[in-house]
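Novice: Structure in structure tokens, see below.
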Amino acid sequence: MAERRVSVTSEVGLHARPAATFVQTAAKASYDVTIAKAGGTPVSAKSILSVLALDVRQGESIVISAEGEGADALLDELAQIAAAP
Amino acid sequence: MTTVLAPVAGAAIGLSAVPDPVFSQAMVGPGTAIDPRREPVEALAPIDGTIVKLHPHAYVVVGDDGRGVLVHLGIDTVQLKGEGFRLLAAEGDRVRAGQPVVAWDPAVVEAGGRSPVCPVVALDAVRDAVGGIAEGSVNAGDTLFEWS
């Protein structure tokens, strides 16, 4: 299982715009991709409902996890989206 | 089948007319958008369910079948940090379709230089799942679209 820990710096958190980009990118994977707040329960990173309900605010840390072919590259891409200001 | 109600009165203009690509390209999901009447209004719950996320400028109601509908009050209104919006319900509340959730004034949003257009989106739905989309004038509480 590969994972990345990212601090969300966007003023609006991981909401409509970054969330939609994040979910669309995660949905490219054929395997499960999850997102969790640090210490929290992971939810599907492919579900816009789950990501919006997770409600990641500015300054919070998230953990993104996946296992499968190309997971490292995918997680790097997701981490970049989530960390973008 | 989920019947999604118009949260505000105005003109149903379709998502493609929303001045934000994340909505106009249906990246958040399929649905439509309402160009609201410029008058103080109470935005309504679009479906029966639980308010799983409530921001002053946007809310998500999830039905008992797990389907979530996002109502976004204006574009880039997150930047207003709640100013001009008043919550009429709380996160976690169970609501009936048509129940007031947030009071706001589209005219004030527009006067602040932002679009008051309200996307109403079926979350995690495939594009074909949404039909019967209203066009033109709608009243708050009218059927806006059907989610099959």
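Order determines the names: the first chain of the structure tokens is A, the second B, and so forth; residues in each chain are numbered 1 upward, and ligands are numbered 1 upward as they are shown.
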Report as an MDAnalysis selection string all protein, DNA and RNA residues lying within 9 Å of region 26-42 of chain A, evaluated on only C-alpha atoms, omitting residues in the same chain fewer than 4 positions from it.
Specialist: chainID A and resid 5 21:22 46:47 51 54 56 60:71 74:75 78
Novice: With N, CA and C atoms retained, could you export that selection as an mmCIF file, in the first residue's frame?
Specialist:
data_model
loop_
_atom_site.group_PDB
_atom_site.id
_atom_site.type_symbol
_atom_site.label_atom_id
_atom_site.label_comp_id
_atom_site.auth_asym_id
_atom_site.auth_seq_id
_atom_site.Cartn_x
_atom_site.Cartn_y
_atom_site.Cartn_z
ATOM 1 N N ARG A 5 1.115 11.726 2.596
ATOM 2 C CA ARG A 5 0.510 12.614 3.589
ATOM 3 C C ARG A 5 0.711 14.051 3.090
ATOM 4 N N THR A 21 -11.407 18.088 -9.255
ATOM 5 C CA THR A 21 -10.198 17.695 -9.971
ATOM 6 C C THR A 21 -9.571 16.469 -9.319
ATOM 7 N N PHE A 22 -9.548 16.493 -8.002
ATOM 8 C CA PHE A 22 -8.985 15.392 -7.221
ATOM 9 C C PHE A 22 -9.731 14.087 -7.515
ATOM 10 N N LYS A 46 -12.665 8.426 -4.986
ATOM 11 C CA LYS A 46 -13.329 8.493 -6.295
ATOM 12 C C LYS A 46 -14.745 9.041 -6.187
ATOM 13 N N SER A 47 -15.191 9.309 -4.953
ATOM 14 C CA SER A 47 -16.558 9.795 -4.740
ATOM 15 C C SER A 47 -16.547 11.263 -4.362
ATOM 16 N N VAL A 51 -15.737 12.997 -0.670
ATOM 17 C CA VAL A 51 -14.683 13.995 -0.493
ATOM 18 C C VAL A 51 -15.263 15.316 0.028
ATOM 19 N N LEU A 54 -16.135 14.846 3.639
ATOM 20 C CA LEU A 54 -14.937 14.799 4.484
ATOM 21 C C LEU A 54 -14.558 16.208 4.951
ATOM 22 N N VAL A 56 -12.322 18.757 4.147
ATOM 23 C CA VAL A 56 -10.946 19.076 4.525
ATOM 24 C C VAL A 56 -10.736 20.588 4.444
ATOM 25 N N GLU A 60 -5.323 21.438 7.294
ATOM 26 C CA GLU A 60 -5.485 20.057 7.761
ATOM 27 C C GLU A 60 -4.633 19.117 6.912
ATOM 28 N N SER A 61 -4.237 18.003 7.535
ATOM 29 C CA SER A 61 -3.452 16.998 6.828
ATOM 30 C C SER A 61 -4.356 15.859 6.388
ATOM 31 N N ILE A 62 -4.066 15.347 5.200
ATOM 32 C CA ILE A 62 -4.802 14.185 4.715
ATOM 33 C C ILE A 62 -3.807 13.093 4.336
ATOM 34 N N VAL A 63 -4.317 11.868 4.346
ATOM 35 C CA VAL A 63 -3.525 10.733 3.898
ATOM 36 C C VAL A 63 -4.250 10.112 2.709
ATOM 37 N N ILE A 64 -3.548 9.985 1.595
ATOM 38 C CA ILE A 64 -4.114 9.388 0.391
ATOM 39 C C ILE A 64 -3.419 8.040 0.191
ATOM 40 N N SER A 65 -4.211 6.997 -0.035
ATOM 41 C CA SER A 65 -3.632 5.656 -0.152
ATOM 42 C C SER A 65 -4.168 4.935 -1.375
ATOM 43 N N ALA A 66 -3.312 4.082 -1.935
ATOM 44 C CA ALA A 66 -3.722 3.249 -3.066
ATOM 45 C C ALA A 66 -2.740 2.111 -3.202
ATOM 46 N N GLU A 67 -3.190 1.041 -3.836
ATOM 47 C CA GLU A 67 -2.310 -0.094 -4.104
ATOM 48 C C GLU A 67 -2.659 -0.622 -5.489
ATOM 49 N N GLY A 68 -1.669 -0.663 -6.354
ATOM 50 C CA GLY A 68 -1.922 -1.149 -7.700
ATOM 51 C C GLY A 68 -0.896 -0.593 -8.660
ATOM 52 N N GLU A 69 -1.041 -0.961 -9.915
ATOM 53 C CA GLU A 69 -0.081 -0.536 -10.917
ATOM 54 C C GLU A 69 -0.134 0.979 -11.112
ATOM 55 N N GLY A 70 0.994 1.615 -10.974
ATOM 56 C CA GLY A 70 1.049 3.060 -11.174
ATOM 57 C C GLY A 70 0.555 3.854 -9.982
ATOM 58 N N ALA A 71 0.377 3.180 -8.840
ATOM 59 C CA ALA A 71 -0.178 3.866 -7.667
ATOM 60 C C ALA A 71 0.714 5.024 -7.215
ATOM 61 N N LEU A 74 0.156 7.997 -9.457
ATOM 62 C CA LEU A 74 -1.184 8.545 -9.219
ATOM 63 C C LEU A 74 -1.217 9.333 -7.909
ATOM 64 N N LEU A 75 -0.610 8.754 -6.860
ATOM 65 C CA LEU A 75 -0.610 9.429 -5.560
ATOM 66 C C LEU A 75 0.185 10.730 -5.613
ATOM 67 N N LEU A 78 -2.175 13.175 -7.176
ATOM 68 C CA LEU A 78 -3.234 13.558 -6.229
ATOM 69 C C LEU A 78 -2.685 14.471 -5.129
#
Novice: Would you list which chain A residues are within 12 Å of chain B using only C-alpha atoms, as an mmCIF file with N, CA and C atoms, in the first residue's frame?
Specialist:
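For reference, result.cif as written:
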data_model
loop_
_atom_site.group_PDB
_atom_site.id
_atom_site.type_symbol
_atom_site.label_atom_id
_atom_site.label_comp_id
_atom_site.auth_asym_id
_atom_site.auth_seq_id
_atom_site.Cartn_x
_atom_site.Cartn_y
_atom_site.Cartn_z
ATOM 1 N N SER A 10 -4.850 25.256 0.368
ATOM 2 C CA SER A 10 -5.832 26.119 -0.299
ATOM 3 C C SER A 10 -6.730 26.795 0.736
ATOM 4 N N GLU A 11 -6.973 28.065 0.534
ATOM 5 C CA GLU A 11 -7.773 28.840 1.479
ATOM 6 C C GLU A 11 -9.160 28.238 1.668
ATOM 7 N N VAL A 12 -9.686 27.642 0.590
ATOM 8 C CA VAL A 12 -11.046 27.101 0.665
ATOM 9 C C VAL A 12 -11.047 25.621 1.054
ATOM 10 N N GLY A 13 -9.867 25.054 1.344
ATOM 11 C CA GLY A 13 -9.811 23.635 1.653
ATOM 12 C C GLY A 13 -10.002 22.802 0.400
ATOM 13 N N LEU A 14 -10.356 21.535 0.615
ATOM 14 C CA LEU A 14 -10.536 20.629 -0.530
ATOM 15 C C LEU A 14 -12.018 20.649 -0.895
ATOM 16 N N HIS A 15 -12.459 21.771 -1.485
ATOM 17 C CA HIS A 15 -13.873 21.926 -1.819
ATOM 18 C C HIS A 15 -14.101 21.916 -3.323
ATOM 19 N N ALA A 16 -15.260 22.436 -3.740
ATOM 20 C CA ALA A 16 -15.761 22.161 -5.092
ATOM 21 C C ALA A 16 -14.682 22.026 -6.175
ATOM 22 N N ARG A 17 -13.889 23.067 -6.397
ATOM 23 C CA ARG A 17 -12.983 23.021 -7.547
ATOM 24 C C ARG A 17 -11.853 22.012 -7.362
ATOM 25 N N PRO A 18 -11.028 22.173 -6.313
ATOM 26 C CA PRO A 18 -9.966 21.174 -6.138
ATOM 27 C C PRO A 18 -10.530 19.777 -5.886
ATOM 28 N N ALA A 19 -11.666 19.686 -5.218
ATOM 29 C CA ALA A 19 -12.244 18.365 -4.931
ATOM 30 C C ALA A 19 -12.635 17.662 -6.218
ATOM 31 N N ALA A 20 -13.225 18.392 -7.145
ATOM 32 C CA ALA A 20 -13.664 17.775 -8.403
ATOM 33 C C ALA A 20 -12.463 17.286 -9.209
ATOM 34 N N THR A 21 -11.407 18.088 -9.255
ATOM 35 C CA THR A 21 -10.198 17.695 -9.971
ATOM 36 C C THR A 21 -9.571 16.469 -9.319
ATOM 37 N N PHE A 22 -9.548 16.493 -8.002
ATOM 38 C CA PHE A 22 -8.985 15.392 -7.221
ATOM 39 C C PHE A 22 -9.731 14.087 -7.515
ATOM 40 N N VAL A 23 -11.064 14.149 -7.454
ATOM 41 C CA VAL A 23 -11.884 12.944 -7.653
ATOM 42 C C VAL A 23 -11.763 12.430 -9.088
ATOM 43 N N GLN A 24 -11.746 13.338 -10.049
ATOM 44 C CA GLN A 24 -11.618 12.913 -11.451
ATOM 45 C C GLN A 24 -10.294 12.195 -11.684
ATOM 46 N N THR A 25 -9.253 12.690 -11.029
ATOM 47 C CA THR A 25 -7.934 12.068 -11.182
ATOM 48 C C THR A 25 -7.917 10.691 -10.524
ATOM 49 N N ALA A 27 -10.394 8.770 -10.053
ATOM 50 C CA ALA A 27 -11.308 7.861 -10.756
ATOM 51 C C ALA A 27 -10.640 7.181 -11.951
ATOM 52 N N SER A 44 -13.669 6.735 0.024
ATOM 53 C CA SER A 44 -13.264 6.627 -1.375
ATOM 54 C C SER A 44 -12.886 7.986 -1.950
ATOM 55 N N ALA A 45 -11.694 8.042 -2.550
ATOM 56 C CA ALA A 45 -11.246 9.270 -3.205
ATOM 57 C C ALA A 45 -11.902 9.439 -4.567
ATOM 58 N N LYS A 46 -12.665 8.426 -4.986
ATOM 59 C CA LYS A 46 -13.329 8.493 -6.295
ATOM 60 C C LYS A 46 -14.745 9.041 -6.187
ATOM 61 N N SER A 47 -15.191 9.309 -4.953
ATOM 62 C CA SER A 47 -16.558 9.795 -4.740
ATOM 63 C C SER A 47 -16.547 11.263 -4.362
ATOM 64 N N ILE A 48 -17.155 12.096 -5.198
ATOM 65 C CA ILE A 48 -17.205 13.530 -4.897
ATOM 66 C C ILE A 48 -18.021 13.753 -3.630
ATOM 67 N N LEU A 49 -19.060 12.943 -3.437
ATOM 68 C CA LEU A 49 -19.857 13.075 -2.208
ATOM 69 C C LEU A 49 -18.998 12.804 -0.977
ATOM 70 N N SER A 50 -18.204 11.719 -1.031
ATOM 71 C CA SER A 50 -17.363 11.376 0.123
ATOM 72 C C SER A 50 -16.330 12.460 0.396
ATOM 73 N N VAL A 51 -15.737 12.997 -0.670
ATOM 74 C CA VAL A 51 -14.683 13.995 -0.493
ATOM 75 C C VAL A 51 -15.263 15.316 0.028
ATOM 76 N N LEU A 52 -16.443 15.699 -0.497
ATOM 77 C CA LEU A 52 -17.076 16.927 0.005
ATOM 78 C C LEU A 52 -17.506 16.756 1.464
ATOM 79 N N ALA A 53 -18.019 15.552 1.793
ATOM 80 C CA ALA A 53 -18.480 15.304 3.165
ATOM 81 C C ALA A 53 -17.298 15.241 4.139
ATOM 82 N N LEU A 54 -16.135 14.846 3.639
ATOM 83 C CA LEU A 54 -14.937 14.799 4.484
ATOM 84 C C LEU A 54 -14.558 16.208 4.951
ATOM 85 N N ASP A 55 -14.842 17.188 4.100
ATOM 86 C CA ASP A 55 -14.716 18.599 4.486
ATOM 87 C C ASP A 55 -13.319 18.948 4.985
ATOM 88 N N VAL A 56 -12.322 18.757 4.147
ATOM 89 C CA VAL A 56 -10.946 19.076 4.525
ATOM 90 C C VAL A 56 -10.736 20.588 4.444
ATOM 91 N N ARG A 57 -10.337 21.154 5.571
ATOM 92 C CA ARG A 57 -10.128 22.611 5.648
ATOM 93 C C ARG A 57 -8.653 22.961 5.468
#
Novice: Please measure the separation of CA of Arg114 (chain B) and CA of Leu5 (chain B), giving the value in Å to one decimal.
Specialist: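 Separating CA of Arg114 (chain B) from CA of Leu5 (chain B) is a distance of 24.1 Å.
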Novice: Select from chain A everything DSSP, run on the backbone, classes as strand (DSSP E or B), then give the selection as a list in words.
Specialist: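 Residues meeting the strand (DSSP E or B) criterion: Ala2, Glu3, Arg4, Arg5, Val6, Ser7, Val33, Thr34, Ile35, Ala36, Lys37, Val43, Ser44, Ser61, Ile62, Val63, Ile64, Ser65 and Ala66 of chain A.
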Novice: Generate a file of the selected residues that holds N, CA and C atoms, formatted as a compact mmCIF listing (two decimals), in the first residue's frame.
Specialist:
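Result went into out-v9.txt, see below:
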# COMPACT_ATOMS: atom_id res chain seq x y z
N ALA A 2 0.73 2.06 -1.01
CA ALA A 2 1.46 3.32 -1.05
C ALA A 2 0.58 4.41 -0.47
N GLU A 3 1.22 5.35 0.18
CA GLU A 3 0.43 6.48 0.68
C GLU A 3 1.23 7.77 0.69
N ARG A 4 0.48 8.87 0.69
CA ARG A 4 1.08 10.19 0.77
C ARG A 4 0.35 10.98 1.84
N ARG A 5 1.11 11.73 2.60
CA ARG A 5 0.51 12.61 3.59
C ARG A 5 0.71 14.05 3.09
N VAL A 6 -0.36 14.79 3.03
CA VAL A 6 -0.32 16.12 2.44
C VAL A 6 -1.03 17.11 3.35
N SER A 7 -0.47 18.31 3.42
CA SER A 7 -1.16 19.39 4.13
C SER A 7 -1.89 20.24 3.09
N VAL A 33 -8.82 3.86 -4.31
CA VAL A 33 -8.00 4.96 -3.83
C VAL A 33 -8.77 5.59 -2.68
N THR A 34 -8.10 5.79 -1.55
CA THR A 34 -8.81 6.35 -0.40
C THR A 34 -8.17 7.64 0.06
N ILE A 35 -8.98 8.43 0.75
CA ILE A 35 -8.51 9.67 1.36
C ILE A 35 -9.05 9.70 2.78
N ALA A 36 -8.20 10.15 3.70
CA ALA A 36 -8.63 10.25 5.10
C ALA A 36 -7.99 11.49 5.71
N LYS A 37 -8.64 12.05 6.71
CA LYS A 37 -7.96 13.04 7.53
C LYS A 37 -6.98 12.27 8.40
N VAL A 43 -12.11 7.24 3.24
CA VAL A 43 -13.28 7.16 2.37
C VAL A 43 -12.78 7.10 0.93
N SER A 44 -13.67 6.74 0.02
CA SER A 44 -13.26 6.63 -1.38
C SER A 44 -12.89 7.99 -1.95
N SER A 61 -4.24 18.00 7.54
CA SER A 61 -3.45 17.00 6.83
C SER A 61 -4.36 15.86 6.39
N ILE A 62 -4.07 15.35 5.20
CA ILE A 62 -4.80 14.19 4.72
C ILE A 62 -3.81 13.09 4.34
N VAL A 63 -4.32 11.87 4.35
CA VAL A 63 -3.53 10.73 3.90
C VAL A 63 -4.25 10.11 2.71
N ILE A 64 -3.55 9.99 1.60
CA ILE A 64 -4.11 9.39 0.39
C ILE A 64 -3.42 8.04 0.19
N SER A 65 -4.21 7.00 -0.03
CA SER A 65 -3.63 5.66 -0.15
C SER A 65 -4.17 4.93 -1.37
N ALA A 66 -3.31 4.08 -1.94
CA ALA A 66 -3.72 3.25 -3.07
C ALA A 66 -2.74 2.11 -3.20
Novice: For CA of Ala97 (chain B) and CA of Pro7 (chain B), determine how far apart the two atoms are, in Å to one decimal place.
Specialist: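 Between CA of Ala97 (chain B) and CA of Pro7 (chain B) the gap works out to 9.0 Å.
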Novice: Taking the DSSP assignment computed from this structure's backbone, write out as a VMD selection string all residues of chain A that belong to helix (DSSP H, G or I).
Specialist: chain A and resid 16 to 26 48 to 54 71 to 83
Novice: Work out how far apart CA of Val121 (chain B) and CA of Ile75 (chain B) are and give it in Å to one decimal.
Specialist: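 CA of Ile75 (chain B) lies 13.7 Å from CA of Val121 (chain B).
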